[in-house]
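The file model_5.cif comes next; it holds mmCIF, N, CA and C atoms.
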data_entry
loop_
_atom_site.group_PDB
_atom_site.id
_atom_site.type_symbol
_atom_site.label_atom_id
_atom_site.label_comp_id
_atom_site.auth_asym_id
_atom_site.auth_seq_id
_atom_site.Cartn_x
_atom_site.Cartn_y
_atom_site.Cartn_z
ATOM 1 N N MET A 275 7.243 20.610 -45.303
ATOM 2 C CA MET A 275 7.853 19.584 -44.483
ATOM 3 C C MET A 275 8.779 20.207 -43.445
ATOM 4 N N ASN A 276 9.420 21.294 -43.842
ATOM 5 C CA ASN A 276 10.337 21.976 -42.940
ATOM 6 C C ASN A 276 9.581 22.542 -41.744
ATOM 7 N N SER A 277 8.389 23.025 -41.960
ATOM 8 C CA SER A 277 7.570 23.591 -40.893
ATOM 9 C C SER A 277 7.195 22.513 -39.878
ATOM 10 N N MET A 278 6.880 21.310 -40.358
ATOM 11 C CA MET A 278 6.513 20.211 -39.476
ATOM 12 C C MET A 278 7.699 19.809 -38.603
ATOM 13 N N ALA A 279 8.883 19.761 -39.158
ATOM 14 C CA ALA A 279 10.081 19.406 -38.398
ATOM 15 C C ALA A 279 10.373 20.465 -37.341
ATOM 16 N N GLU A 280 10.183 21.715 -37.693
ATOM 17 C CA GLU A 280 10.407 22.791 -36.716
ATOM 18 C C GLU A 280 9.397 22.706 -35.573
ATOM 19 N N GLN A 281 8.157 22.360 -35.890
ATOM 20 C CA GLN A 281 7.145 22.240 -34.852
ATOM 21 C C GLN A 281 7.451 21.076 -33.915
ATOM 22 N N PHE A 282 7.907 19.954 -34.473
ATOM 23 C CA PHE A 282 8.281 18.818 -33.629
ATOM 24 C C PHE A 282 9.473 19.168 -32.745
ATOM 25 N N LEU A 283 10.432 19.887 -33.278
ATOM 26 C CA LEU A 283 11.594 20.293 -32.500
ATOM 27 C C LEU A 283 11.179 21.231 -31.377
ATOM 28 N N GLU A 284 10.291 22.174 -31.686
ATOM 29 C CA GLU A 284 9.818 23.104 -30.660
ATOM 30 C C GLU A 284 9.000 22.372 -29.600
ATOM 31 N N ALA A 285 8.167 21.426 -30.012
ATOM 32 C CA ALA A 285 7.369 20.650 -29.064
ATOM 33 C C ALA A 285 8.268 19.819 -28.157
ATOM 34 N N GLY A 286 9.289 19.188 -28.726
ATOM 35 C CA GLY A 286 10.226 18.404 -27.917
ATOM 36 C C GLY A 286 10.992 19.271 -26.942
ATOM 37 N N THR A 287 11.403 20.451 -27.401
ATOM 38 C CA THR A 287 12.126 21.371 -26.520
ATOM 39 C C THR A 287 11.241 21.819 -25.364
ATOM 40 N N LEU A 288 9.990 22.161 -25.659
ATOM 41 C CA LEU A 288 9.066 22.569 -24.605
ATOM 42 C C LEU A 288 8.809 21.430 -23.622
ATOM 43 N N MET A 289 8.680 20.223 -24.139
ATOM 44 C CA MET A 289 8.430 19.076 -23.285
ATOM 45 C C MET A 289 9.616 18.826 -22.351
ATOM 46 N N VAL A 290 10.809 18.822 -22.891
ATOM 47 C CA VAL A 290 12.001 18.582 -22.077
ATOM 48 C C VAL A 290 12.184 19.706 -21.064
ATOM 49 N N THR A 291 11.973 20.954 -21.489
ATOM 50 C CA THR A 291 12.097 22.080 -20.565
ATOM 51 C C THR A 291 11.080 21.958 -19.436
ATOM 52 N N GLY A 292 9.852 21.621 -19.763
ATOM 53 C CA GLY A 292 8.828 21.461 -18.734
ATOM 54 C C GLY A 292 9.159 20.347 -17.763
ATOM 55 N N MET A 293 9.657 19.236 -18.279
ATOM 56 C CA MET A 293 10.008 18.117 -17.409
ATOM 57 C C MET A 293 11.167 18.473 -16.484
ATOM 58 N N VAL A 294 12.141 19.201 -16.998
ATOM 59 C CA VAL A 294 13.280 19.623 -16.173
ATOM 60 C C VAL A 294 12.821 20.585 -15.086
ATOM 61 N N VAL A 295 11.945 21.513 -15.443
ATOM 62 C CA VAL A 295 11.452 22.478 -14.451
ATOM 63 C C VAL A 295 10.670 21.769 -13.359
ATOM 64 N N VAL A 296 9.799 20.845 -13.736
ATOM 65 C CA VAL A 296 9.018 20.108 -12.743
ATOM 66 C C VAL A 296 9.929 19.257 -11.862
ATOM 67 N N PHE A 297 10.888 18.584 -12.455
ATOM 68 C CA PHE A 297 11.829 17.766 -11.675
ATOM 69 C C PHE A 297 12.628 18.630 -10.700
ATOM 70 N N ALA A 298 13.102 19.775 -11.166
ATOM 71 C CA ALA A 298 13.869 20.669 -10.285
ATOM 72 C C ALA A 298 12.991 21.193 -9.151
ATOM 73 N N PHE A 299 11.766 21.587 -9.474
ATOM 74 C CA PHE A 299 10.863 22.097 -8.441
ATOM 75 C C PHE A 299 10.567 21.034 -7.390
ATOM 76 N N LEU A 300 10.251 19.818 -7.830
ATOM 77 C CA LEU A 300 9.955 18.749 -6.877
ATOM 78 C C LEU A 300 11.184 18.378 -6.051
ATOM 79 N N SER A 301 12.354 18.389 -6.666
ATOM 80 C CA SER A 301 13.579 18.090 -5.920
ATOM 81 C C SER A 301 13.825 19.140 -4.843
ATOM 82 N N LEU A 302 13.668 20.407 -5.188
ATOM 83 C CA LEU A 302 13.832 21.473 -4.198
ATOM 84 C C LEU A 302 12.770 21.389 -3.105
ATOM 85 N N LEU A 303 11.556 21.050 -3.483
ATOM 86 C CA LEU A 303 10.488 20.912 -2.499
ATOM 87 C C LEU A 303 10.788 19.784 -1.519
ATOM 88 N N ILE A 304 11.249 18.655 -2.011
ATOM 89 C CA ILE A 304 11.604 17.525 -1.139
ATOM 90 C C ILE A 304 12.763 17.898 -0.233
ATOM 91 N N LEU A 305 13.761 18.544 -0.773
ATOM 92 C CA LEU A 305 14.903 18.969 0.026
ATOM 93 C C LEU A 305 14.478 19.950 1.115
ATOM 94 N N PHE A 306 13.648 20.919 0.772
ATOM 95 C CA PHE A 306 13.177 21.907 1.736
ATOM 96 C C PHE A 306 12.351 21.245 2.837
ATOM 97 N N ILE A 307 11.428 20.376 2.455
ATOM 98 C CA ILE A 307 10.585 19.715 3.451
ATOM 99 C C ILE A 307 11.416 18.827 4.367
ATOM 100 N N THR A 308 12.383 18.130 3.818
ATOM 101 C CA THR A 308 13.238 17.258 4.627
ATOM 102 C C THR A 308 14.026 18.061 5.651
ATOM 103 N N THR A 309 14.607 19.172 5.240
ATOM 104 C CA THR A 309 15.395 19.971 6.184
ATOM 105 C C THR A 309 14.505 20.624 7.232
ATOM 106 N N VAL A 310 13.350 21.126 6.819
ATOM 107 C CA VAL A 310 12.454 21.765 7.783
ATOM 108 C C VAL A 310 11.909 20.739 8.763
ATOM 109 N N LEU A 311 11.509 19.585 8.277
ATOM 110 C CA LEU A 311 10.981 18.562 9.165
ATOM 111 C C LEU A 311 12.051 18.021 10.106
ATOM 112 N N ALA A 312 13.283 17.944 9.657
ATOM 113 C CA ALA A 312 14.358 17.479 10.541
ATOM 114 C C ALA A 312 14.544 18.451 11.697
ATOM 115 N N LYS A 313 14.491 19.746 11.398
ATOM 116 C CA LYS A 313 14.631 20.742 12.466
ATOM 117 C C LYS A 313 13.418 20.730 13.392
ATOM 118 N N LEU A 314 12.228 20.579 12.829
ATOM 119 C CA LEU A 314 11.023 20.548 13.652
ATOM 120 C C LEU A 314 10.922 19.275 14.481
ATOM 121 N N ALA A 315 11.429 18.173 13.964
ATOM 122 C CA ALA A 315 11.382 16.915 14.702
ATOM 123 C C ALA A 315 12.239 16.979 15.954
ATOM 124 N N VAL A 316 13.341 17.731 15.896
ATOM 125 C CA VAL A 316 14.187 17.897 17.074
ATOM 126 C C VAL A 316 13.492 18.803 18.088
ATOM 127 N N LYS A 317 12.839 19.829 17.585
ATOM 128 C CA LYS A 317 12.199 20.801 18.476
ATOM 129 C C LYS A 317 10.897 20.258 19.067
ATOM 130 N N PHE A 318 10.124 19.531 18.279
ATOM 131 C CA PHE A 318 8.843 18.986 18.722
ATOM 132 C C PHE A 318 8.824 17.472 18.492
ATOM 133 N N PRO A 319 9.388 16.692 19.412
ATOM 134 C CA PRO A 319 9.403 15.231 19.214
ATOM 135 C C PRO A 319 7.995 14.646 19.376
ATOM 136 N N ASP A 320 7.778 13.485 18.762
ATOM 137 C CA ASP A 320 6.499 12.790 18.872
ATOM 138 C C ASP A 320 6.349 12.217 20.274
ATOM 139 N N THR A 321 5.103 12.213 20.737
ATOM 140 C CA THR A 321 4.849 11.594 22.030
ATOM 141 C C THR A 321 4.734 10.090 21.834
ATOM 142 N N ILE A 322 5.195 9.349 22.812
ATOM 143 C CA ILE A 322 5.152 7.899 22.741
ATOM 144 C C ILE A 322 3.854 7.436 23.377
ATOM 145 N N ALA A 323 3.074 6.698 22.619
ATOM 146 C CA ALA A 323 1.793 6.212 23.124
ATOM 147 C C ALA A 323 2.034 5.118 24.149
ATOM 148 N N PRO A 324 1.285 5.151 25.253
ATOM 149 C CA PRO A 324 1.474 4.103 26.263
ATOM 150 C C PRO A 324 0.966 2.767 25.738
ATOM 151 N N SER A 325 1.713 1.726 26.003
ATOM 152 C CA SER A 325 1.314 0.397 25.547
ATOM 153 C C SER A 325 0.395 -0.225 26.587
ATOM 154 N N THR A 326 -0.629 -0.899 26.110
ATOM 155 C CA THR A 326 -1.569 -1.549 27.015
ATOM 156 C C THR A 326 -1.424 -3.044 26.870
ATOM 157 N N ASN A 327 -1.292 -3.717 27.990
ATOM 158 C CA ASN A 327 -1.210 -5.178 27.997
ATOM 159 C C ASN A 327 -2.584 -5.728 28.326
ATOM 160 N N ARG A 328 -3.236 -6.279 27.351
ATOM 161 C CA ARG A 328 -4.554 -6.871 27.552
ATOM 162 C C ARG A 328 -4.381 -8.373 27.690
ATOM 163 N N SER A 329 -4.879 -8.881 28.757
ATOM 164 C CA SER A 329 -4.808 -10.332 28.948
ATOM 165 C C SER A 329 -6.145 -10.919 28.559
ATOM 166 N N ASN A 330 -6.328 -11.051 27.268
ATOM 167 C CA ASN A 330 -7.560 -11.599 26.732
ATOM 168 C C ASN A 330 -7.267 -12.985 26.181
ATOM 169 N N LYS A 331 -8.195 -13.905 26.378
ATOM 170 C CA LYS A 331 -7.980 -15.276 25.946
ATOM 171 C C LYS A 331 -7.803 -15.375 24.433
ATOM 172 N N LYS A 332 -8.600 -14.589 23.691
ATOM 173 C CA LYS A 332 -8.523 -14.651 22.234
ATOM 174 C C LYS A 332 -7.175 -14.153 21.739
ATOM 175 N N HIS A 333 -6.678 -13.067 22.330
ATOM 176 C CA HIS A 333 -5.393 -12.521 21.897
ATOM 177 C C HIS A 333 -4.247 -13.479 22.235
ATOM 178 N N ASN A 334 -4.338 -14.126 23.380
ATOM 179 C CA ASN A 334 -3.277 -15.057 23.761
ATOM 180 C C ASN A 334 -3.229 -16.255 22.831
ATOM 181 N N LYS A 335 -4.408 -16.744 22.412
ATOM 182 C CA LYS A 335 -4.424 -17.879 21.496
ATOM 183 C C LYS A 335 -3.875 -17.484 20.137
ATOM 184 N N ALA A 336 -4.247 -16.306 19.674
ATOM 185 C CA ALA A 336 -3.759 -15.846 18.372
ATOM 186 C C ALA A 336 -2.257 -15.631 18.406
ATOM 187 N N ALA A 337 -1.749 -15.166 19.533
ATOM 188 C CA ALA A 337 -0.315 -14.926 19.645
ATOM 189 C C ALA A 337 0.456 -16.239 19.694
ATOM 190 N N SER A 338 -0.149 -17.272 20.296
ATOM 191 C CA SER A 338 0.560 -18.544 20.400
ATOM 192 C C SER A 338 0.439 -19.377 19.134
ATOM 193 N N GLY A 339 -0.431 -18.980 18.213
ATOM 194 C CA GLY A 339 -0.532 -19.683 16.950
ATOM 195 C C GLY A 339 -1.637 -20.715 16.903
ATOM 196 N N GLU A 340 -2.429 -20.856 17.976
ATOM 197 C CA GLU A 340 -3.523 -21.810 17.982
ATOM 198 C C GLU A 340 -4.717 -21.247 17.231
ATOM 199 N N ILE A 341 -5.458 -22.138 16.583
ATOM 200 C CA ILE A 341 -6.648 -21.730 15.849
ATOM 201 C C ILE A 341 -7.865 -22.246 16.605
ATOM 202 N N SER A 342 -8.843 -21.394 16.727
ATOM 203 C CA SER A 342 -10.059 -21.737 17.452
ATOM 204 C C SER A 342 -10.771 -22.912 16.776
ATOM 205 N N PRO A 343 -11.307 -23.855 17.554
ATOM 206 C CA PRO A 343 -12.040 -24.979 16.965
ATOM 207 C C PRO A 343 -13.269 -24.520 16.172
ATOM 208 N N ALA A 344 -13.879 -23.428 16.570
ATOM 209 C CA ALA A 344 -15.034 -22.916 15.836
ATOM 210 C C ALA A 344 -14.623 -22.463 14.437
ATOM 211 N N ILE A 345 -13.460 -21.860 14.316
ATOM 212 C CA ILE A 345 -12.970 -21.412 13.011
ATOM 213 C C ILE A 345 -12.639 -22.619 12.134
ATOM 214 N N VAL A 346 -12.034 -23.645 12.724
ATOM 215 C CA VAL A 346 -11.707 -24.859 11.974
ATOM 216 C C VAL A 346 -12.986 -25.524 11.470
ATOM 217 N N ALA A 347 -14.023 -25.567 12.317
ATOM 218 C CA ALA A 347 -15.294 -26.174 11.918
ATOM 219 C C ALA A 347 -15.943 -25.375 10.791
ATOM 220 N N ALA A 348 -15.887 -24.051 10.872
ATOM 221 C CA ALA A 348 -16.482 -23.214 9.825
ATOM 222 C C ALA A 348 -15.762 -23.400 8.490
ATOM 223 N N ILE A 349 -14.448 -23.461 8.527
ATOM 224 C CA ILE A 349 -13.671 -23.651 7.301
ATOM 225 C C ILE A 349 -13.931 -25.038 6.716
ATOM 226 N N SER A 350 -13.974 -26.046 7.569
ATOM 227 C CA SER A 350 -14.226 -27.405 7.085
ATOM 228 C C SER A 350 -15.609 -27.507 6.456
ATOM 229 N N GLY A 351 -16.609 -26.907 7.095
ATOM 230 C CA GLY A 351 -17.954 -26.930 6.531
ATOM 231 C C GLY A 351 -18.017 -26.231 5.189
ATOM 232 N N SER A 352 -17.323 -25.117 5.071
ATOM 233 C CA SER A 352 -17.301 -24.378 3.804
ATOM 234 C C SER A 352 -16.633 -25.190 2.702
ATOM 235 N N ILE A 353 -15.557 -25.853 3.029
ATOM 236 C CA ILE A 353 -14.845 -26.668 2.037
ATOM 237 C C ILE A 353 -15.723 -27.826 1.587
ATOM 238 N N ASN A 354 -16.410 -28.486 2.540
ATOM 239 C CA ASN A 354 -17.287 -29.605 2.178
ATOM 240 C C ASN A 354 -18.432 -29.131 1.290
ATOM 241 N N ARG A 355 -19.029 -27.995 1.614
ATOM 242 C CA ARG A 355 -20.127 -27.465 0.805
ATOM 243 C C ARG A 355 -19.632 -27.105 -0.596
ATOM 244 N N TYR A 356 -18.441 -26.524 -0.690
ATOM 245 C CA TYR A 356 -17.867 -26.170 -1.989
ATOM 246 C C TYR A 356 -17.628 -27.421 -2.831
ATOM 247 N N ARG A 357 -17.066 -28.447 -2.204
ATOM 248 C CA ARG A 357 -16.789 -29.687 -2.942
ATOM 249 C C ARG A 357 -18.072 -30.365 -3.413
ATOM 250 N N GLN A 358 -19.104 -30.365 -2.557
ATOM 251 C CA GLN A 358 -20.372 -30.968 -2.950
ATOM 252 C C GLN A 358 -21.001 -30.202 -4.103
ATOM 253 N N LYS A 359 -20.976 -28.908 -4.038
ATOM 254 C CA LYS A 359 -21.575 -28.081 -5.074
ATOM 255 C C LYS A 359 -20.867 -28.279 -6.410
ATOM 256 N N HIS A 360 -19.554 -28.296 -6.390
ATOM 257 C CA HIS A 360 -18.792 -28.418 -7.628
ATOM 258 C C HIS A 360 -18.740 -29.852 -8.159
ATOM 259 N N SER A 361 -18.885 -30.827 -7.297
ATOM 260 C CA SER A 361 -18.927 -32.206 -7.794
ATOM 261 C C SER A 361 -20.259 -32.462 -8.482
ATOM 262 N N GLN A 362 -21.345 -31.831 -8.043
ATOM 263 C CA GLN A 362 -22.632 -31.955 -8.717
ATOM 264 C C GLN A 362 -22.594 -31.275 -10.075
ATOM 265 N N GLN A 363 -21.935 -30.135 -10.170
ATOM 266 C CA GLN A 363 -21.846 -29.437 -11.437
ATOM 267 C C GLN A 363 -21.001 -30.220 -12.429
ATOM 268 N N ASN A 364 -19.927 -30.848 -11.974
ATOM 269 C CA ASN A 364 -19.062 -31.624 -12.858
ATOM 270 C C ASN A 364 -19.765 -32.885 -13.351
ATOM 271 N N SER A 365 -20.625 -33.496 -12.527
ATOM 272 C CA SER A 365 -21.310 -34.703 -12.959
ATOM 273 C C SER A 365 -22.412 -34.400 -13.963
ATOM 274 N N LYS A 366 -22.950 -33.173 -13.949
ATOM 275 C CA LYS A 366 -23.972 -32.776 -14.907
ATOM 276 C C LYS A 366 -23.403 -32.541 -16.293
ATOM 277 N N LYS A 367 -22.153 -32.194 -16.383
ATOM 278 C CA LYS A 367 -21.510 -31.884 -17.665
ATOM 279 C C LYS A 367 -21.233 -33.101 -18.408
#
Can the structure in the file be given as structure tokens, please?
Amino acid sequence: MNSMAEQFLEAGTLMVTGMVVVFAFLSLLILFITTVLAKLAVKFPDTIAPSTNRSNKKHNKAASGEISPAIVAAISGSINRYRQKHSQQNSKK
């Protein structure tokens, strides 16, 4: 029984040691990457992509919140078909 307790103690010690080593390594890695990237970001800033203004009818309607009548008709048709299908199934039961 003493041997089993010693093995559990050794296993727990190895597990905790491994977890501490991994945590320390990842913490140092994050710290190193953060400092290096901060220095590189100052030296090499990102380029700003030019914005394009598209005057498209579809985009303007979507931006204003209007829904296309074709989309409303498609949704309504789908809902009616769903209700018809499920009302037939419920009446058969």
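What separates atom C of A:Ala298 from atom N of A:Lys317 is a distance of 26.8 Å.
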Step one, run DSSP on the backbone; step two, keep only residues of chain A assigned to alpha helix (DSSP H); then write them as a PyMOL selection string. chain A and resi 276-317+331-338+343-366
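Our summary of the geometry notes that atom CA of A:Ala315 is positioned 23.7 Å from atom CA of A:Phe299.
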Atom C of A:Leu300 to atom C of A:Pro319 measures 25.9 Å
Give the centre and edge lengths of an axis-aligned box, in Å to one decimal, that holds all listed atoms of stretch 286-300 of chain A with 3 Å on each side, as lines of an AutoDock Vina configuration file.
center_x = 11.1
center_y = 20.2
center_z = -17.4
size_x = 11.4
size_y = 10.8
size_z = 28.7
